[in-house]
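Okay, structure first, notes after.
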Amino acid sequence: MHKGNNNSRKKLLLLVVFLTYIATACTSKPIAISQDDNVIEAAVDNEKNLISLQLRELELDEYKANAKKILHSYFYESYIEKIDKINSIGGIYAPSVKTPIIYNVSKVCTDSKKTSKIVFINAPVDDSTSRLYRMYIFKEEDEQWKLFQLREYYVVMDGPKKDDFKRVTDLFTNYDNKPIEYSAIKIRE
């Protein structure tokens, strides 16, 4: 009997070890998101929120609350004032509302001093003769990368303003003498 109990104990121990292994293997572990992924996510979420704001799916106060989370303290007041001013004249608009809306979003580019992270966005415009380019510039604040500056370029691809289009596309093609890598990201279904 003593020998049978040992075999039963061994089998029970093996079963417990096996079940523990299975439980551990099946448990989802949070995946750490890189700083660069957070920066891209902040830029893309802001673009989505701007479209929702224009389509009246998002209230202005809710947009500002969302924006506050990503804005650097240096930039917060001027950005919110700009949004309020644009909104007061009915100027908040999405460059494209024809779905699906697909933007070209760059990988994060870091300046040579490693003090800024930049995301370039190339957005379609429904009239198809124009493009909207945005440059999101992030700086670190309280150990997080926050939006420090947002530069926008609305360009016409044909006609008398065509030279401006070439200058801007050059700016959004290379950064620090290296080609900017873009991915197509669906902003809206």
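Just so we're on the same page: first chain in the structure tokens is A, next is B, and so on; residues restart at 1 for each chain, and ligands are numbered from 1 in the order they show up.
Non-sequential neighbours of A:Lys68 (distance at most 10 Å, separation of 3 or more positions within a chain, only C-alpha atoms) are Glu62, Tyr63, Lys64, Ala65, Leu71, His72, Ser73, Phe75, Tyr76, Glu77, Tyr79, Ile80, Lys146 and Leu147 of chain A.
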All alpha helix (DSSP H) positions in stretch 2-188 of chain A, as a ChimeraX atom specification: /A:2-26,35-54,60-70,73-88,162-171
- request: List the neighbours of stretch 134-139 of chain A out to 7 Å using only C-alpha atoms; skip same-chain residues closer than 4 positions along the sequence, and give me the result as number ranges by chain.
  value: A: 43, 115-122, 145-153
field: Residue with smallest distance to A:Asp126 - pool A:Ser52, A:Ser96, A:Ser78, A:Ser183, counting only C-alpha atoms
entry: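 Once distances to A:Asp126 are computed over only C-alpha atoms, the minimum belongs to A:Ser96.
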field: Spatial neighbours of A:Val105, max dist 12 Å, only C-alpha atoms, sep filter under 2 positions, as a PyMOL selection string
entry: chain A and resi 37+39-45+47+102-103+107-109+118-124+133-136+172-173+180-187
- prompt: For the atom pair atom CA of A:Pro100 and atom CA of A:Ile70, what is the interatomic distance in Å to one decimal place?
  reply: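 These two atoms are separated by 25.6 Å.
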query: In Å, with one decimal, what is the gap from atom CA of A:Asp36 to atom CA of A:Thr110?
result: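 A separation of 9.4 Å between them.
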